[in-house]
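Asks: Structure supplied as run-v3.cif; contents: mmCIF, C-alpha atoms and all ligand atoms.
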```cif
data_input
loop_
_atom_site.group_PDB
_atom_site.id
_atom_site.type_symbol
_atom_site.label_atom_id
_atom_site.label_comp_id
_atom_site.auth_asym_id
_atom_site.auth_seq_id
_atom_site.Cartn_x
_atom_site.Cartn_y
_atom_site.Cartn_z
ATOM 1 C CA MET E 1 4.068 -211.508 -122.427
ATOM 2 C CA GLN E 2 6.254 -214.550 -121.982
ATOM 3 C CA ILE E 3 8.074 -215.619 -118.840
ATOM 4 C CA ARG E 4 11.591 -216.539 -119.873
ATOM 5 C CA THR E 5 15.010 -217.406 -118.554
ATOM 6 C CA HIS E 6 18.542 -216.879 -119.802
ATOM 7 C CA ILE E 7 20.508 -218.903 -117.280
ATOM 8 C CA GLY E 8 24.222 -219.355 -117.344
ATOM 9 C CA VAL E 9 24.868 -222.875 -116.159
ATOM 10 C CA SER E 10 28.014 -224.962 -116.008
ATOM 11 C CA LEU E 11 28.171 -228.298 -117.758
ATOM 12 C CA ASP E 12 27.553 -229.989 -114.411
ATOM 13 C CA GLY E 13 24.439 -227.907 -113.788
ATOM 14 C CA ILE E 14 25.768 -225.291 -111.371
ATOM 15 C CA MET E 15 24.320 -221.748 -111.397
ATOM 16 C CA GLY E 16 26.554 -220.200 -108.790
ATOM 17 C CA THR E 17 29.738 -221.042 -106.929
ATOM 18 C CA PRO E 18 29.626 -221.842 -103.188
ATOM 19 C CA ASP E 19 30.424 -218.202 -102.427
ATOM 20 C CA GLY E 20 27.590 -216.992 -104.640
ATOM 21 C CA ILE E 21 29.444 -215.994 -107.798
ATOM 22 C CA PRO E 22 27.270 -216.638 -110.879
ATOM 23 C CA ALA E 23 28.483 -219.405 -113.167
ATOM 24 C CA TRP E 24 28.795 -216.790 -115.901
ATOM 25 C CA ASP E 25 31.863 -215.424 -114.216
ATOM 26 C CA ALA E 26 33.769 -218.610 -114.922
ATOM 27 C CA MET E 27 33.940 -217.498 -118.534
ATOM 28 C CA PRO E 28 36.765 -215.108 -119.441
ATOM 29 C CA THR E 29 34.688 -214.237 -122.510
ATOM 30 C CA PHE E 30 31.740 -213.077 -120.418
ATOM 31 C CA VAL E 31 31.018 -209.366 -120.944
ATOM 32 C CA SER E 32 28.447 -207.893 -118.641
ATOM 33 C CA GLY E 33 25.105 -207.287 -120.264
ATOM 34 C CA LYS E 34 26.435 -207.992 -123.741
ATOM 35 C CA SER E 35 27.923 -211.387 -124.354
ATOM 36 C CA HIS E 36 26.203 -214.708 -124.929
ATOM 37 C CA GLY E 37 23.061 -213.114 -126.364
ATOM 38 C CA TYR E 38 22.099 -211.309 -123.203
ATOM 39 C CA ALA E 39 21.755 -207.801 -124.663
ATOM 40 C CA GLU E 40 19.255 -208.928 -127.260
ATOM 41 C CA PHE E 41 17.411 -211.029 -124.690
ATOM 42 C CA LEU E 42 17.088 -208.153 -122.237
ATOM 43 C CA ALA E 43 15.884 -205.814 -124.982
ATOM 44 C CA GLN E 44 12.832 -208.057 -125.300
ATOM 45 C CA CYS E 45 12.017 -207.840 -121.606
ATOM 46 C CA GLU E 46 10.163 -205.307 -119.515
ATOM 47 C CA ALA E 47 10.391 -206.866 -116.090
ATOM 48 C CA ILE E 48 12.817 -208.922 -114.059
ATOM 49 C CA VAL E 49 11.982 -211.442 -111.349
ATOM 50 C CA ILE E 50 14.572 -211.876 -108.642
ATOM 51 C CA GLY E 51 14.660 -213.824 -105.407
ATOM 52 C CA ARG E 52 15.017 -212.162 -102.060
ATOM 53 C CA THR E 53 18.668 -213.159 -101.771
ATOM 54 C CA LEU E 54 19.534 -211.387 -104.962
ATOM 55 C CA PHE E 55 17.308 -208.448 -104.069
ATOM 56 C CA ASP E 56 19.005 -207.902 -100.722
ATOM 57 C CA PHE E 57 22.295 -207.419 -102.513
ATOM 58 C CA ALA E 58 20.701 -205.035 -104.971
ATOM 59 C CA HIS E 59 19.005 -203.084 -102.229
ATOM 60 C CA SER E 60 22.098 -202.688 -100.091
ATOM 61 C CA TYR E 61 24.084 -201.428 -103.065
ATOM 62 C CA TRP E 62 21.223 -199.110 -103.976
ATOM 63 C CA THR E 63 21.006 -197.612 -100.493
ATOM 64 C CA ASP E 64 24.731 -197.576 -99.693
ATOM 65 C CA GLN E 65 26.280 -196.769 -103.026
ATOM 66 C CA GLY E 66 23.514 -195.721 -105.368
ATOM 67 C CA ILE E 67 24.125 -198.663 -107.679
ATOM 68 C CA TRP E 68 20.998 -200.223 -109.147
ATOM 69 C CA ALA E 69 21.418 -202.860 -111.791
ATOM 70 C CA TRP E 70 17.960 -202.795 -113.379
ATOM 71 C CA GLU E 71 17.234 -199.191 -114.205
ATOM 72 C CA GLY E 72 14.225 -198.970 -116.509
ATOM 73 C CA TYR E 73 12.842 -202.396 -115.622
ATOM 74 C CA ARG E 74 10.122 -203.366 -113.218
ATOM 75 C CA VAL E 75 11.723 -205.619 -110.647
ATOM 76 C CA TYR E 76 9.494 -208.171 -108.942
ATOM 77 C CA VAL E 77 10.934 -209.676 -105.774
ATOM 78 C CA LEU E 78 9.963 -213.164 -104.665
ATOM 79 C CA THR E 79 9.860 -213.008 -100.890
ATOM 80 C CA SER E 80 7.792 -214.079 -97.917
ATOM 81 C CA GLN E 81 9.090 -211.184 -95.809
ATOM 82 C CA PRO E 82 8.252 -207.475 -95.951
ATOM 83 C CA LEU E 83 10.619 -205.460 -98.094
ATOM 84 C CA PRO E 84 12.650 -202.724 -96.431
ATOM 85 C CA PRO E 85 11.678 -199.039 -96.665
ATOM 86 C CA ASN E 86 13.220 -196.619 -99.186
ATOM 87 C CA LEU E 87 12.939 -199.016 -102.074
ATOM 88 C CA HIS E 88 13.933 -198.228 -105.595
ATOM 89 C CA PRO E 89 10.668 -197.017 -107.178
ATOM 90 C CA ASP E 90 10.547 -199.880 -109.682
ATOM 91 C CA VAL E 91 10.571 -202.618 -107.046
ATOM 92 C CA ILE E 92 7.410 -204.649 -106.504
ATOM 93 C CA ALA E 93 7.109 -207.331 -103.831
ATOM 94 C CA SER E 94 5.495 -210.672 -104.556
ATOM 95 C CA GLU E 95 1.978 -211.079 -103.256
ATOM 96 C CA GLY E 96 2.224 -214.392 -101.505
ATOM 97 C CA ASP E 97 4.507 -217.099 -102.780
ATOM 98 C CA ALA E 98 5.700 -217.826 -106.288
ATOM 99 C CA ALA E 99 2.174 -218.667 -107.422
ATOM 100 C CA GLY E 100 0.985 -215.244 -106.339
ATOM 101 C CA LEU E 101 3.859 -213.656 -108.188
ATOM 102 C CA VAL E 102 2.990 -215.528 -111.372
ATOM 103 C CA ARG E 103 -0.547 -214.156 -111.083
ATOM 104 C CA GLN E 104 0.835 -210.643 -110.560
ATOM 105 C CA LEU E 105 2.943 -210.908 -113.690
ATOM 106 C CA HIS E 106 0.033 -212.065 -115.792
ATOM 107 C CA ALA E 107 -2.164 -209.278 -114.429
ATOM 108 C CA ALA E 108 0.432 -206.552 -114.957
ATOM 109 C CA ASN E 109 -0.412 -205.783 -118.593
ATOM 110 C CA LEU E 110 3.210 -206.100 -119.600
ATOM 111 C CA THR E 111 3.775 -205.639 -123.303
ATOM 112 C CA ARG E 112 7.207 -207.206 -123.348
ATOM 113 C CA ASP E 113 8.593 -210.295 -121.638
ATOM 114 C CA VAL E 114 9.664 -211.141 -118.123
ATOM 115 C CA GLN E 115 13.070 -212.534 -117.283
ATOM 116 C CA VAL E 116 13.215 -214.809 -114.284
ATOM 117 C CA LEU E 117 16.803 -214.004 -113.482
ATOM 118 C CA GLY E 118 17.333 -215.992 -110.337
ATOM 119 C CA GLY E 119 18.734 -217.030 -108.084
ATOM 120 C CA ALA E 120 18.524 -220.727 -108.258
ATOM 121 C CA ARG E 121 15.688 -221.169 -105.792
ATOM 122 C CA THR E 122 13.569 -218.594 -107.554
ATOM 123 C CA ILE E 123 14.015 -220.295 -110.903
ATOM 124 C CA ARG E 124 13.229 -223.659 -109.345
ATOM 125 C CA ALA E 125 10.060 -222.246 -107.781
ATOM 126 C CA PHE E 126 8.906 -221.056 -111.210
ATOM 127 C CA LEU E 127 9.811 -224.382 -112.773
ATOM 128 C CA GLU E 128 7.842 -226.227 -110.119
ATOM 129 C CA LEU E 129 4.830 -224.154 -111.061
ATOM 130 C CA ASP E 130 5.410 -224.815 -114.746
ATOM 131 C CA ALA E 131 5.411 -221.042 -115.077
ATOM 132 C CA ILE E 132 8.388 -220.699 -117.432
ATOM 133 C CA ASP E 133 7.159 -220.268 -120.996
ATOM 134 C CA GLU E 134 10.618 -220.299 -122.505
ATOM 135 C CA LEU E 135 13.446 -222.029 -120.721
ATOM 136 C CA GLY E 136 16.641 -220.565 -122.080
ATOM 137 C CA MET E 137 20.058 -221.465 -120.798
ATOM 138 C CA VAL E 138 23.613 -221.061 -121.891
ATOM 139 C CA VAL E 139 25.610 -224.159 -121.091
ATOM 140 C CA LEU E 140 29.094 -223.018 -120.236
ATOM 141 C CA PRO E 141 32.097 -225.182 -121.104
ATOM 142 C CA VAL E 142 33.240 -225.564 -117.535
ATOM 143 C CA ILE E 143 32.692 -228.085 -114.757
ATOM 144 C CA LEU E 144 32.398 -226.129 -111.522
ATOM 145 C CA GLY E 145 32.142 -229.189 -109.330
ATOM 146 C CA ASP E 146 30.397 -227.472 -106.429
ATOM 147 C CA GLY E 147 27.872 -224.724 -105.863
ATOM 148 C CA THR E 148 24.173 -223.987 -106.283
ATOM 149 C CA PRO E 149 22.526 -226.389 -108.718
ATOM 150 C CA LEU E 150 19.881 -225.334 -111.194
ATOM 151 C CA PHE E 151 17.998 -228.591 -110.730
ATOM 152 C CA LEU E 152 17.634 -230.622 -107.575
ATOM 153 C CA PRO E 153 16.873 -234.337 -107.761
ATOM 154 C CA GLY E 154 13.198 -235.072 -107.279
ATOM 155 C CA SER E 155 12.041 -231.470 -107.265
ATOM 156 C CA LEU E 156 10.303 -231.445 -110.623
ATOM 157 C CA ALA E 157 7.740 -233.486 -112.474
ATOM 158 C CA ARG E 158 8.640 -234.792 -115.899
ATOM 159 C CA THR E 159 8.318 -232.078 -118.522
ATOM 160 C CA ASP E 160 8.581 -232.717 -122.236
ATOM 161 C CA LEU E 161 10.230 -229.875 -124.090
ATOM 162 C CA GLN E 162 10.891 -228.833 -127.630
ATOM 163 C CA LEU E 163 14.023 -227.061 -128.763
ATOM 164 C CA VAL E 164 13.129 -223.753 -130.411
ATOM 165 C CA HIS E 165 16.536 -222.156 -130.687
ATOM 166 C CA GLN E 166 20.157 -223.183 -130.423
ATOM 167 C CA ARG E 167 23.488 -221.646 -131.170
ATOM 168 C CA ALA E 168 27.097 -222.144 -130.241
ATOM 169 C CA PHE E 169 29.314 -219.255 -129.237
ATOM 170 C CA PRO E 170 32.984 -219.075 -130.225
ATOM 171 C CA ASP E 171 34.065 -219.818 -126.653
ATOM 172 C CA GLY E 172 32.263 -223.172 -126.691
ATOM 173 C CA ALA E 173 29.204 -222.063 -124.734
ATOM 174 C CA VAL E 174 25.941 -223.340 -126.196
ATOM 175 C CA GLU E 175 22.612 -221.581 -125.940
ATOM 176 C CA LEU E 176 19.590 -223.836 -125.748
ATOM 177 C CA VAL E 177 16.059 -222.462 -125.685
ATOM 178 C CA TYR E 178 13.123 -224.745 -124.981
ATOM 179 C CA THR E 179 9.385 -224.396 -124.756
ATOM 180 C CA ARG E 180 6.906 -226.983 -123.583
ATOM 181 C CA ALA E 181 6.387 -229.754 -126.094
ATOM 182 C CA ILE E 182 3.045 -229.076 -127.748
ATOM 183 C CA ALA E 183 1.672 -232.596 -127.373
ATOM 184 C CA ALA E 184 2.458 -232.676 -123.679
ATOM 185 C CA GLU E 185 1.175 -229.218 -122.866
ATOM 186 C CA PRO E 186 -2.420 -230.009 -121.849
ATOM 187 C CA GLU E 187 -1.223 -232.553 -119.297
ATOM 188 C CA ARG E 188 1.591 -230.404 -118.059
ATOM 189 C CA ARG E 189 -0.286 -227.159 -117.456
ATOM 190 C CA ARG E 190 -0.987 -226.875 -113.806
ATOM 191 C CA SER E 191 -2.599 -224.306 -111.629
ATOM 192 C CA PRO E 192 -0.146 -222.215 -109.615
ATOM 193 C CA ASP E 193 -2.381 -222.809 -106.602
ATOM 194 C CA ASN E 194 -1.933 -226.546 -106.871
ATOM 195 C CA HIS E 195 1.775 -226.134 -106.630
ATOM 196 C CA CYS E 196 1.981 -223.520 -103.966
ATOM 197 C CA ARG E 197 2.025 -225.968 -101.088
ATOM 198 C CA ARG E 198 4.554 -228.180 -102.794
ATOM 199 C CA SER E 199 6.885 -225.262 -103.412
ATOM 200 C CA GLN E 200 6.743 -224.197 -99.832
ATOM 201 C CA ALA E 201 7.348 -227.691 -98.572
ATOM 202 C CA SER E 202 10.213 -228.639 -100.810
ATOM 203 C CA LEU E 203 12.264 -225.490 -101.106
ATOM 204 C CA PRO E 204 14.505 -224.448 -98.260
ATOM 205 C CA HIS E 205 14.247 -220.696 -97.943
ATOM 206 C CA ALA E 206 14.480 -219.936 -94.275
ATOM 207 C CA PRO E 207 15.440 -216.315 -93.537
ATOM 208 C CA ARG E 208 18.391 -217.543 -91.487
ATOM 209 C CA ALA E 209 19.848 -219.329 -94.476
ATOM 210 C CA ARG E 210 19.516 -216.167 -96.509
ATOM 211 C CA THR E 211 21.356 -214.122 -93.916
ATOM 212 C CA VAL E 212 24.285 -216.492 -93.926
ATOM 213 C CA HIS E 213 24.347 -216.439 -97.687
ATOM 214 C CA LEU E 214 24.451 -212.651 -97.754
ATOM 215 C CA LYS E 215 27.580 -212.570 -95.675
ATOM 216 C CA VAL E 216 29.545 -214.800 -97.964
ATOM 217 C CA THR E 217 28.524 -213.395 -101.296
ATOM 218 C CA ALA E 218 29.485 -209.735 -101.295
ATOM 219 C CA ARG E 219 31.483 -210.368 -104.436
ATOM 220 C CA ALA E 220 28.441 -211.909 -106.028
ATOM 221 C CA TRP E 221 26.593 -208.642 -106.195
ATOM 222 C CA HIS E 222 29.507 -206.999 -107.900
ATOM 223 C CA ALA E 223 29.324 -209.804 -110.420
ATOM 224 C CA PHE E 224 25.647 -209.103 -110.969
ATOM 225 C CA CYS E 225 26.282 -205.405 -111.343
ATOM 226 C CA CYS E 226 28.752 -206.227 -114.030
ATOM 227 C CA HIS E 227 26.252 -208.620 -115.497
ATOM 228 C CA PHE E 228 23.890 -205.805 -116.340
ATOM 229 C CA ARG E 229 24.606 -202.964 -118.624
ATOM 230 C CA GLN E 230 23.332 -200.382 -116.140
ATOM 231 C CA CYS E 231 26.145 -201.050 -113.762
ATOM 232 C CA GLY E 232 28.166 -198.078 -114.862
ATOM 233 C CA ASN E 233 31.539 -198.024 -113.280
ATOM 234 C CA ALA E 234 32.358 -201.671 -112.748
ATOM 235 C CA LYS E 235 35.825 -200.888 -111.528
ATOM 236 C CA LEU E 236 34.422 -198.657 -108.825
ATOM 237 C CA ALA E 237 31.958 -201.345 -107.777
ATOM 238 C CA GLU E 238 34.767 -203.857 -107.531
ATOM 239 C CA THR E 239 36.791 -201.569 -105.309
ATOM 240 C CA ARG E 240 33.794 -200.955 -103.098
ATOM 241 C CA ALA E 241 32.836 -204.633 -102.894
ATOM 242 C CA ASP E 242 36.346 -205.600 -101.948
ATOM 243 C CA SER E 243 36.668 -202.886 -99.332
ATOM 244 C CA GLY E 244 33.162 -203.635 -97.956
HETATM 245 N N1 LIG V 301 23.913 -218.325 -113.487
HETATM 246 C C1 LIG V 301 22.904 -217.474 -113.433
HETATM 247 O O1 LIG V 301 22.303 -217.149 -114.469
HETATM 248 C C2 LIG V 301 22.479 -216.921 -112.099
HETATM 249 C C3 LIG V 301 21.534 -215.898 -112.034
HETATM 250 C C4 LIG V 301 21.148 -215.441 -110.774
HETATM 251 C C5 LIG V 301 21.662 -216.007 -109.629
HETATM 252 N N2 LIG V 301 22.575 -217.016 -109.712
HETATM 253 C C6 LIG V 301 23.112 -217.661 -108.505
HETATM 254 O O2 LIG V 301 22.011 -218.052 -107.677
HETATM 255 C C7 LIG V 301 22.467 -218.088 -106.336
HETATM 256 C C8 LIG V 301 21.490 -217.334 -105.424
HETATM 257 O O3 LIG V 301 20.246 -217.976 -105.476
HETATM 258 P P1 LIG V 301 19.426 -218.401 -104.182
HETATM 259 O O4 LIG V 301 18.676 -219.605 -104.580
HETATM 260 O O5 LIG V 301 20.366 -218.494 -103.046
HETATM 261 O O6 LIG V 301 18.501 -217.145 -103.843
HETATM 262 P P2 LIG V 301 17.267 -216.406 -104.583
HETATM 263 O O7 LIG V 301 16.543 -217.321 -105.505
HETATM 264 O O8 LIG V 301 17.770 -215.108 -105.111
HETATM 265 O O9 LIG V 301 16.325 -216.037 -103.338
HETATM 266 C C9 LIG V 301 15.730 -217.050 -102.565
HETATM 267 C C10 LIG V 301 14.747 -216.377 -101.627
HETATM 268 O O10 LIG V 301 13.520 -216.092 -102.288
HETATM 269 C C11 LIG V 301 12.448 -216.140 -101.337
HETATM 270 N N3 LIG V 301 11.330 -217.033 -101.704
HETATM 271 C C12 LIG V 301 10.028 -216.810 -101.427
HETATM 272 N N4 LIG V 301 9.261 -217.784 -101.881
HETATM 273 C C13 LIG V 301 10.084 -218.686 -102.431
HETATM 274 C C14 LIG V 301 9.871 -219.914 -103.055
HETATM 275 N N5 LIG V 301 8.650 -220.429 -103.246
HETATM 276 N N6 LIG V 301 10.941 -220.594 -103.480
HETATM 277 C C15 LIG V 301 12.179 -220.082 -103.330
HETATM 278 N N7 LIG V 301 12.442 -218.890 -102.755
HETATM 279 C C16 LIG V 301 11.397 -218.204 -102.299
HETATM 280 C C17 LIG V 301 13.044 -216.612 -100.051
HETATM 281 O O11 LIG V 301 13.262 -215.447 -99.278
HETATM 282 P P3 LIG V 301 12.263 -215.084 -98.059
HETATM 283 O O12 LIG V 301 12.832 -215.750 -96.864
HETATM 284 O O13 LIG V 301 12.269 -213.605 -97.997
HETATM 285 O O14 LIG V 301 10.918 -215.623 -98.390
HETATM 286 C C18 LIG V 301 14.369 -217.234 -100.453
HETATM 287 O O15 LIG V 301 15.311 -217.164 -99.423
HETATM 288 C C19 LIG V 301 23.843 -217.468 -106.298
HETATM 289 O O16 LIG V 301 24.800 -218.498 -106.268
HETATM 290 C C20 LIG V 301 23.927 -216.739 -107.640
HETATM 291 O O17 LIG V 301 25.239 -216.645 -108.094
HETATM 292 C C21 LIG V 301 23.004 -217.471 -110.932
#
```
Could you rewrite the structure in this file as structure tokens?
Ligand SMILES: NC(=O)c1ccc[n+]([C@@H]2O[C@H](COP(=O)([O-])OP(=O)(O)OC[C@H]3O[C@@H](n4cnc5c(N)ncnc54)[C@H](OP(=O)(O)O)[C@@H]3O)[C@@H](O)[C@H]2O)c1
Replies:
Amino acid sequence: MQIRTHIGVSLDGIMGTPDGIPAWDAMPTFVSGKSHGYAEFLAQCEAIVIGRTLFDFAHSYWTDQGIWAWEGYRVYVLTSQPLPPNLHPDVIASEGDAAGLVRQLHAANLTRDVQVLGGARTIRAFLELDAIDELGMVVLPVILGDGTPLFLPGSLARTDLQLVHQRAFPDGAVELVYTRAIAAEPERRRSPDNHCRRSQASLPHAPRARTVHLKVTARAWHAFCCHFRQCGNAKLAETRADSG
């Protein structure tokens, strides 16, 4: 089991627009669940890690409209708050912070890989723990200028990486997949427990901030539904998101 990412990021390092739309959606060539190598990536995974912000969108669509984007996958939610009742049966809450979640994943006897999908704060929490085995990203040929950055200045220790895969797509997007550089690995490996306090201190994830974010990103969940092949009727979701 490997913990991996497949992040769509603009050339200026943005994961999502200020209103929560994933950077992927800037690409007219983006096809939900299929383009930019995502179908083959997801086929290698058994579980998805999502942050509470992303989960709250998923859950409200699941309860209100019966739309669940990750059918067939275990979905681990990084959260410090209790999850609501009537969950989708595949949802599992983190035990503690990101470090606890990393331990859960390693103890889960997964035979295939785990995608840390996002959002940005969730990916950063895993990066801070050095818990990403394979850091994959698709650099999109667009400068978004504003939004949620993948990396924040000063949030990470130096990490030496080695490029294990690269390819360019016809639209100019470039996939880059890195693992830890072998020579640097012994120094880089760190206990999740050592990083737990640092993650909590440095990452802003107050519930109030999440609530505000939820209000402004109704369209974002539609984008995520379209992002995954299980979405079904994307047109219907769009109509519902717009009317909601
Ligand atoms: N381009 C892409 O590939 C991609 C993919 C996914 C998302 N996105 C973008 O990412 C953005 C949403 O991301 P987000 O950062 O706002 O939300 P998020 O990562 O989905 O969720 C953050 C929440 O996770 C919980 N959490 C618990 N422990 C944490 C820890 N140690 N560190 C961080 N979070 C912790 C917190 O909720 P509690 O208060 O419950 O603890 C926090 O509010 C959107 O703009 C979306 O478009 C982009």
Asks: Work out how far atom CA of Arg124 of chain E is from atom CA of Val177 of chain E, in Å to one decimal.
Replies: 16.6 Å
Asks: Neighbouring residues of Ala47 of chain E were defined as those with any atom within 7 Å, considering all atoms listed in the file; residues of the same chain fewer than 5 positions away were excluded. Please report them as a list in words.
Replies: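 Near neighbours after the sequence-gap exclusion: Tyr73, Arg74, Val75, Asp113, Val114 and Gln115 of chain E.
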Asks: Calculated over all atoms listed in the file, which of the candidates E:Leu42, E:Leu129, E:Ala23, E:Leu117 has the smallest distance to Gly100 of chain E?
Replies: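 Distance minimum relative to Gly100 of chain E lands on E:Leu129.
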Asks: If the PyMOL selection byres (((not hetatm)) within 6 of (chain V and resi 301)) is run on the structure shown, which residues does it catch, given as a VMD selection string?
Replies: chain E and resid 7 to 9 15 to 17 20 to 24 50 to 54 78 to 81 97 to 98 117 to 122 125 148 199 to 200 203 205 to 207 210
Asks: Could you tell me which of E:Val142, E:Val91, E:Leu152, E:Val116 comes closest to Ile48 of chain E if we count only C-alpha atoms?
Replies: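 Of E:Val142, E:Val91, E:Leu152, E:Val116, the one nearest Ile48 of chain E is E:Val116, counting only C-alpha atoms.
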Asks: Complete the atom set of segment 67-88 of chain E to N, CA and C atoms and return it as an mmCIF file, in the coordinates of the input.
Replies:
```cif
data_model
loop_
_atom_site.group_PDB
_atom_site.id
_atom_site.type_symbol
_atom_site.label_atom_id
_atom_site.label_comp_id
_atom_site.auth_asym_id
_atom_site.auth_seq_id
_atom_site.Cartn_x
_atom_site.Cartn_y
_atom_site.Cartn_z
ATOM 1 N N ILE E 67 23.988 -197.802 -106.489
ATOM 2 C CA ILE E 67 24.125 -198.663 -107.679
ATOM 3 C C ILE E 67 22.875 -199.530 -107.790
ATOM 4 N N TRP E 68 22.195 -199.408 -108.903
ATOM 5 C CA TRP E 68 20.998 -200.223 -109.147
ATOM 6 C C TRP E 68 21.149 -200.855 -110.516
ATOM 7 N N ALA E 69 21.056 -202.151 -110.559
ATOM 8 C CA ALA E 69 21.418 -202.860 -111.791
ATOM 9 C C ALA E 69 20.326 -202.865 -112.849
ATOM 10 N N TRP E 70 19.066 -202.559 -112.444
ATOM 11 C CA TRP E 70 17.960 -202.795 -113.379
ATOM 12 C C TRP E 70 17.186 -201.536 -113.692
ATOM 13 N N GLU E 71 17.900 -200.455 -113.905
ATOM 14 C CA GLU E 71 17.234 -199.191 -114.205
ATOM 15 C C GLU E 71 16.377 -199.357 -115.457
ATOM 16 N N GLY E 72 15.115 -198.897 -115.357
ATOM 17 C CA GLY E 72 14.225 -198.970 -116.509
ATOM 18 C C GLY E 72 13.392 -200.234 -116.574
ATOM 19 N N TYR E 73 13.618 -201.150 -115.645
ATOM 20 C CA TYR E 73 12.842 -202.396 -115.622
ATOM 21 C C TYR E 73 12.025 -202.481 -114.337
ATOM 22 N N ARG E 74 10.840 -203.025 -114.448
ATOM 23 C CA ARG E 74 10.122 -203.366 -113.218
ATOM 24 C C ARG E 74 10.811 -204.574 -112.598
ATOM 25 N N VAL E 75 11.024 -204.524 -111.324
ATOM 26 C CA VAL E 75 11.723 -205.619 -110.647
ATOM 27 C C VAL E 75 10.789 -206.235 -109.607
ATOM 28 N N TYR E 76 10.375 -207.449 -109.864
ATOM 29 C CA TYR E 76 9.494 -208.171 -108.942
ATOM 30 C C TYR E 76 10.362 -209.045 -108.041
ATOM 31 N N VAL E 77 10.120 -208.942 -106.738
ATOM 32 C CA VAL E 77 10.934 -209.676 -105.774
ATOM 33 C C VAL E 77 10.105 -210.808 -105.163
ATOM 34 N N LEU E 78 10.618 -212.022 -105.307
ATOM 35 C CA LEU E 78 9.963 -213.164 -104.665
ATOM 36 C C LEU E 78 10.427 -213.232 -103.216
ATOM 37 N N THR E 79 9.500 -213.005 -102.307
ATOM 38 C CA THR E 79 9.860 -213.008 -100.890
ATOM 39 C C THR E 79 8.630 -213.292 -100.039
ATOM 40 N N SER E 80 8.874 -213.879 -98.883
ATOM 41 C CA SER E 80 7.792 -214.079 -97.917
ATOM 42 C C SER E 80 7.875 -213.048 -96.796
ATOM 43 N N GLN E 81 8.869 -212.173 -96.870
ATOM 44 C CA GLN E 81 9.090 -211.184 -95.809
ATOM 45 C C GLN E 81 8.815 -209.776 -96.362
ATOM 46 N N PRO E 82 8.448 -208.852 -95.468
ATOM 47 C CA PRO E 82 8.252 -207.475 -95.951
ATOM 48 C C PRO E 82 9.554 -206.917 -96.517
ATOM 49 N N LEU E 83 9.431 -206.111 -97.547
ATOM 50 C CA LEU E 83 10.619 -205.460 -98.094
ATOM 51 C C LEU E 83 10.979 -204.257 -97.227
ATOM 52 N N PRO E 84 12.241 -203.868 -97.247
ATOM 53 C CA PRO E 84 12.650 -202.724 -96.431
ATOM 54 C C PRO E 84 12.064 -201.420 -96.969
ATOM 55 N N PRO E 85 12.120 -200.343 -96.156
ATOM 56 C CA PRO E 85 11.678 -199.039 -96.665
ATOM 57 C C PRO E 85 12.687 -198.494 -97.673
ATOM 58 N N ASN E 86 12.437 -197.333 -98.155
ATOM 59 C CA ASN E 86 13.220 -196.619 -99.186
ATOM 60 C C ASN E 86 13.687 -197.527 -100.325
ATOM 61 N N LEU E 87 12.671 -198.149 -100.922
ATOM 62 C CA LEU E 87 12.939 -199.016 -102.074
ATOM 63 C C LEU E 87 13.214 -198.197 -103.326
ATOM 64 N N HIS E 88 13.905 -198.809 -104.249
ATOM 65 C CA HIS E 88 13.933 -198.228 -105.595
ATOM 66 C C HIS E 88 12.489 -198.214 -106.108
#
```
